[in-house]
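Below: one structure, written as structure tokens.
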Amino acid sequence: MTAPLMFNDVWAGGLHFVGEYGENSSRLVGALAPRISERDAALALLVGDLAYALGYGADWDVFGQQFEPVFTRWPMAGAVGNHERDWPGTGDAFGDTARDSGGECGVPYAARWYAPYAPDHPARSAKARGGSAGGRGAGPLFYSFDAGPVHFLMLDSESPGGPNTPQGRFVASDLAAVNRTRTPWVVAALHRMMAAPATWRRKWVGDLDNMERLVSEYEDLFVRHQVDVVIQGHEHAYARTCPLAHGACVSQAQPRTARALRAAAKSPVKAMSSKEQAASVTAPAGGPVYLLAGHGGAGFTHGFPHPLPAWVESAAEGV
């Protein structure tokens with residue numbers, strides 16, 4: 001099996017909450033169990049809101065024990081969500097109004113989930129000196145990596161990402177440096193939604209408000225650098241858009257060539273030569289497909305507009 005496994009909003013069902021969240025999380029573990037013995041996944045992505053511990057450390061332990069068969073079987077990559085990160089005074093994007101992490105400020109998440117941001121990032125140097133990485137939070141939780149022919153960009157939707165922020169500069173430089181010969185596909189992942197059917201508007205924390213913020217921060221970069229797919233969570237539902245740019249369906253960048261796929265499978269990775277640059281895959285500007293994949297364990301939410309926007313190709317809110 002070469003496709004990645006995607007799940008998020010999976011809540012552990014530990015000490016802090018009872019009922020629906022824990023029940024659904026247990027169902028997810030049961031659904032994943034047969035796949036462990038039957039076939040492998042290439043990668044598992046957890047795009048935020050993992051344990052819903054909200055300051056209760058034992059819930060992180062329950063979460064880890066509950067999903068241990070999965071976590072020890074497949075490579076894992078995570079992105080931080082509001083229930084791990086948001087808290088006043090920590091440099092988040094919500095004007096010191098959000099308290100969704102229960103005071104965790106991203107610290108337990110950062111201690112348990114590796115975020116390999118660049119070694120020359122100023123926050124890493126500050127932490128090495130025993131200092132702060134910016135506010136009282138856990139430091140940068142954005143990073144990128146290659147897996148086979150795919151370049152993954154894992155973002156922190158809870159922190160600012162404009163062009164004059166550390167995250168914004170990282171995204172711009174990272175996408176500009178992607179070698180599309182070695183990694184023909186680019187996938188971005190973040191917890192909050194950039195493009196999904198939504199109705200909730202509330203200053204700082206509303207779905208529509210944050211979609212507007214994230215679009216203003218990242219959409220031009222995603223279109224310019226031909227990001228293929230954006231994986232999102234936050235709302236506990238499923239949706240898939242058309243290839244999308246600036247609110248309208250557009251053509252998707254042309255399929256990557258067999259030549260590029262063969263090149264992507266080769267190693268070791270090294271700096272591109274001028275010959276490799278000339279052979280790199282190019283395609284007309286299109287738009288990424290946005291996937292809302294927030295249906296992994298927590299109870300379904302029901303906030304879709306009706307009728308759905310024309311750019312939504314498929315959607316399900318559960319029952």
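Within each chain, counting starts at residue 1; across the structure tokens, chains are named A, B, ... in the order shown, with ligands numbered 1 upward in that order.
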Go through segment 144-163 of chain A and flag each residue having an atom no more than 9 Å from segment 76-86 of chain A; for those, report the closest pair of atoms plus their distance in Å to one decimal, using only C-alpha atoms, ordered by chain and rising number, as a tab-separated table.
```
residue	atom	partner	partner_atom	distance
A:Met154	CA	A:Ala79	CA	5.9
A:Leu155	CA	A:Ala79	CA	6.4
A:Asp156	CA	A:Val80	CA	5.8
A:Ser157	CA	A:Gly81	CA	7.2
A:Glu158	CA	A:Asn82	CA	6.3
A:Ser159	CA	A:Asp86	CA	8.7
```
task: Using DSSP on the backbone, list every residue of segment 30-257 of chain A that comes out as strand (DSSP E), and give them as number ranges by chain.
output: A: 44-47, 76-79, 143-147, 150-154, 185-189, 229-232, 238-241, 244-245, 248-249
Keeping only C-alpha atoms, write the selected residues to a file as a PDB file, in the first residue's frame.
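Wrote selection_34.pdb, looks like this:
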```
ATOM      1  CA  ALA A  44       0.341   8.471   8.900  1.00  0.00           C
ATOM      2  CA  LEU A  45      -0.503  12.169   9.214  1.00  0.00           C
ATOM      3  CA  LEU A  46      -2.102  13.597  12.345  1.00  0.00           C
ATOM      4  CA  VAL A  47      -3.227  17.110  11.504  1.00  0.00           C
ATOM      5  CA  MET A  76       4.118   9.413  11.829  1.00  0.00           C
ATOM      6  CA  ALA A  77       4.039  13.158  11.179  1.00  0.00           C
ATOM      7  CA  GLY A  78       1.947  15.639  13.147  1.00  0.00           C
ATOM      8  CA  ALA A  79       0.721  19.210  12.923  1.00  0.00           C
ATOM      9  CA  TYR A 143       8.583  21.966   9.336  1.00  0.00           C
ATOM     10  CA  SER A 144       8.878  20.019   6.091  1.00  0.00           C
ATOM     11  CA  PHE A 145      10.186  16.658   4.938  1.00  0.00           C
ATOM     12  CA  ASP A 146      10.328  14.367   1.913  1.00  0.00           C
ATOM     13  CA  ALA A 147       8.715  10.914   1.798  1.00  0.00           C
ATOM     14  CA  VAL A 150       6.221  13.747  -2.087  1.00  0.00           C
ATOM     15  CA  HIS A 151       7.386  16.887  -0.289  1.00  0.00           C
ATOM     16  CA  PHE A 152       5.299  17.491   2.853  1.00  0.00           C
ATOM     17  CA  LEU A 153       4.949  20.940   4.401  1.00  0.00           C
ATOM     18  CA  MET A 154       3.533  20.774   7.950  1.00  0.00           C
ATOM     19  CA  TRP A 185       4.196  16.262  -5.632  1.00  0.00           C
ATOM     20  CA  VAL A 186       3.869  18.792  -2.839  1.00  0.00           C
ATOM     21  CA  VAL A 187       1.370  18.338   0.000  1.00  0.00           C
ATOM     22  CA  ALA A 188       0.730  20.965   2.674  1.00  0.00           C
ATOM     23  CA  ALA A 189      -1.010  20.112   5.953  1.00  0.00           C
ATOM     24  CA  VAL A 229      -3.022  18.977  -2.077  1.00  0.00           C
ATOM     25  CA  VAL A 230      -3.751  20.777   1.200  1.00  0.00           C
ATOM     26  CA  ILE A 231      -4.891  18.553   4.090  1.00  0.00           C
ATOM     27  CA  GLN A 232      -6.959  20.258   6.807  1.00  0.00           C
ATOM     28  CA  TYR A 238     -15.135  15.477   5.392  1.00  0.00           C
ATOM     29  CA  ALA A 239     -14.965  17.620   2.276  1.00  0.00           C
ATOM     30  CA  ARG A 240     -12.983  17.788  -0.951  1.00  0.00           C
ATOM     31  CA  THR A 241     -12.740  20.778  -3.248  1.00  0.00           C
ATOM     32  CA  LEU A 244      -9.036  25.895  -6.243  1.00  0.00           C
ATOM     33  CA  ALA A 245      -7.472  29.338  -6.534  1.00  0.00           C
ATOM     34  CA  ALA A 248     -12.841  29.574  -8.101  1.00  0.00           C
ATOM     35  CA  CYS A 249     -12.187  26.180  -9.669  1.00  0.00           C
TER      36      CYS A 249
END
```
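Using only C-alpha atoms, the shortest contact distance between Pro305 of chain A and any of A:Ser216, A:Thr72, A:Gln226, A:Thr199 is found at A:Thr199.
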query: Which one of A:Cys105, A:Ala177, A:Leu43, A:Leu190 sits closest to Leu214 of chain A if you count only C-alpha atoms?
result: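 With only C-alpha atoms as the atom set, the closest residue is A:Leu190.
Rounded to one decimal, atom CA of Ala196 of chain A and atom CA of His234 of chain A lie 10.5 Å from each other.
If you look at atom CA of Phe300 of chain A and atom CA of Glu317 of chain A, they are 6.4 Å away from each other.
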- prompt: Mind pulling up the distance from atom CA of Leu50 of chain A to atom CA of Lys203 of chain A?
  reply: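 Value for the atom CA of Lys203 of chain A-atom CA of Leu50 of chain A distance: 24.7 Å.
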field: In segment 87-250 of chain A, DSSP alpha helix (DSSP H) residues written as a PyMOL selection string
entry: chain A and resi 107-112+122-128+166-176+207-224
Take the residues just selected and output them with N, CA and C atoms as a CSV table (one decimal), in the first residue's frame.
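Below is the file that was written, out-v1.csv:
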```
chain,number,residue,atom,x,y,z
A,107,VAL,N,3.3,22.9,24.7
A,107,VAL,CA,4.5,22.3,25.3
A,107,VAL,C,4.4,20.8,25.4
A,108,PRO,N,3.4,20.2,25.9
A,108,PRO,CA,3.3,18.7,25.9
A,108,PRO,C,3.4,18.1,24.5
A,109,TYR,N,2.7,18.8,23.6
A,109,TYR,CA,2.8,18.3,22.2
A,109,TYR,C,4.2,18.3,21.6
A,110,ALA,N,4.9,19.4,21.9
A,110,ALA,CA,6.3,19.5,21.4
A,110,ALA,C,7.2,18.5,22.1
A,111,ALA,N,6.9,18.2,23.3
A,111,ALA,CA,7.7,17.2,24.0
A,111,ALA,C,7.5,15.8,23.5
A,112,ARG,N,6.3,15.5,23.0
A,112,ARG,CA,6.0,14.2,22.6
A,112,ARG,C,6.0,14.0,21.0
A,122,PRO,N,16.2,30.7,14.6
A,122,PRO,CA,16.6,31.4,15.8
A,122,PRO,C,16.0,30.8,17.1
A,123,ALA,N,14.8,30.2,16.9
A,123,ALA,CA,14.1,29.6,18.1
A,123,ALA,C,14.9,28.4,18.6
A,124,ARG,N,15.5,27.6,17.7
A,124,ARG,CA,16.2,26.4,18.1
A,124,ARG,C,17.5,26.9,18.9
A,125,SER,N,18.1,28.0,18.4
A,125,SER,CA,19.3,28.5,19.1
A,125,SER,C,18.9,29.0,20.5
A,126,ALA,N,17.8,29.7,20.6
A,126,ALA,CA,17.3,30.2,21.9
A,126,ALA,C,17.1,29.0,22.9
A,127,LYS,N,16.4,28.0,22.4
A,127,LYS,CA,16.1,26.8,23.2
A,127,LYS,C,17.4,26.1,23.7
A,128,ALA,N,18.4,26.1,22.8
A,128,ALA,CA,19.6,25.4,23.1
A,128,ALA,C,20.4,26.2,24.2
A,166,PRO,N,8.3,34.4,11.1
A,166,PRO,CA,9.2,33.3,10.9
A,166,PRO,C,8.5,32.2,10.1
A,167,GLN,N,7.3,31.9,10.4
A,167,GLN,CA,6.6,30.8,9.6
A,167,GLN,C,6.4,31.2,8.2
A,168,GLY,N,6.0,32.4,7.9
A,168,GLY,CA,5.7,32.8,6.5
A,168,GLY,C,7.0,32.8,5.7
A,169,ARG,N,8.1,33.3,6.3
A,169,ARG,CA,9.4,33.2,5.6
A,169,ARG,C,9.8,31.8,5.4
A,170,PHE,N,9.6,30.9,6.3
A,170,PHE,CA,9.9,29.5,6.2
A,170,PHE,C,9.2,28.9,5.0
A,171,VAL,N,7.9,29.1,4.9
A,171,VAL,CA,7.0,28.6,3.9
A,171,VAL,C,7.5,29.0,2.5
A,172,ALA,N,7.8,30.3,2.4
A,172,ALA,CA,8.2,30.9,1.1
A,172,ALA,C,9.5,30.3,0.7
A,173,SER,N,10.5,30.2,1.6
A,173,SER,CA,11.8,29.7,1.2
A,173,SER,C,11.7,28.1,0.9
A,174,ASP,N,10.9,27.4,1.7
A,174,ASP,CA,10.8,26.0,1.6
A,174,ASP,C,10.2,25.6,0.2
A,175,LEU,N,9.1,26.3,-0.1
A,175,LEU,CA,8.4,26.0,-1.4
A,175,LEU,C,9.3,26.3,-2.6
A,176,ALA,N,10.0,27.4,-2.5
A,176,ALA,CA,10.9,27.9,-3.6
A,176,ALA,C,12.0,26.9,-3.8
A,207,ASP,N,-14.5,29.9,12.0
A,207,ASP,CA,-14.0,29.2,10.9
A,207,ASP,C,-13.8,30.1,9.7
A,208,LEU,N,-14.8,31.0,9.4
A,208,LEU,CA,-14.7,31.9,8.2
A,208,LEU,C,-13.6,32.9,8.4
A,209,ASP,N,-13.4,33.4,9.7
A,209,ASP,CA,-12.4,34.4,10.0
A,209,ASP,C,-11.0,33.8,9.7
A,210,ASN,N,-10.8,32.5,10.2
A,210,ASN,CA,-9.5,31.9,10.1
A,210,ASN,C,-9.2,31.4,8.6
A,211,MET,N,-10.3,31.1,7.9
A,211,MET,CA,-10.0,30.8,6.5
A,211,MET,C,-9.5,32.0,5.8
A,212,GLU,N,-10.1,33.1,6.0
A,212,GLU,CA,-9.7,34.4,5.4
A,212,GLU,C,-8.2,34.7,5.8
A,213,ARG,N,-7.9,34.5,7.1
A,213,ARG,CA,-6.5,34.8,7.5
A,213,ARG,C,-5.5,33.8,6.8
A,214,LEU,N,-5.8,32.5,6.8
A,214,LEU,CA,-4.9,31.6,6.2
A,214,LEU,C,-4.8,31.7,4.7
A,215,VAL,N,-5.9,32.0,4.1
A,215,VAL,CA,-5.8,32.3,2.6
A,215,VAL,C,-4.9,33.5,2.3
A,216,SER,N,-5.1,34.5,3.1
A,216,SER,CA,-4.2,35.7,2.9
A,216,SER,C,-2.8,35.4,3.1
A,217,GLU,N,-2.5,34.5,4.0
A,217,GLU,CA,-1.1,34.2,4.3
A,217,GLU,C,-0.4,33.2,3.3
A,218,TYR,N,-1.2,32.2,2.8
A,218,TYR,CA,-0.6,31.1,2.1
A,218,TYR,C,-1.1,30.9,0.7
A,219,GLU,N,-2.2,31.4,0.3
A,219,GLU,CA,-2.8,30.9,-1.0
A,219,GLU,C,-1.9,31.3,-2.1
A,220,ASP,N,-1.4,32.6,-2.2
A,220,ASP,CA,-0.6,33.0,-3.3
A,220,ASP,C,0.7,32.1,-3.4
A,221,LEU,N,1.3,31.7,-2.3
A,221,LEU,CA,2.4,30.8,-2.3
A,221,LEU,C,2.1,29.5,-2.8
A,222,PHE,N,0.9,28.9,-2.4
A,222,PHE,CA,0.5,27.6,-2.8
A,222,PHE,C,0.2,27.5,-4.3
A,223,VAL,N,-0.4,28.6,-4.8
A,223,VAL,CA,-0.7,28.6,-6.2
A,223,VAL,C,0.6,28.8,-7.1
A,224,ARG,N,1.4,29.7,-6.6
A,224,ARG,CA,2.6,30.1,-7.4
A,224,ARG,C,3.6,28.8,-7.4
```
message: I need the residue nearest Gly161 of chain A from this list: A:Glu313, A:Glu68, A:Asp59, A:Asp92. Use only C-alpha atoms for the distance.
response: A:Asp92
Residue nearest Asp96 of chain A - candidates A:Gly247, A:Leu32, A:Trp204, A:Val312, atoms counted: only C-alpha atoms: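 The answer is A:Trp204, which sits nearest to Asp96 of chain A.
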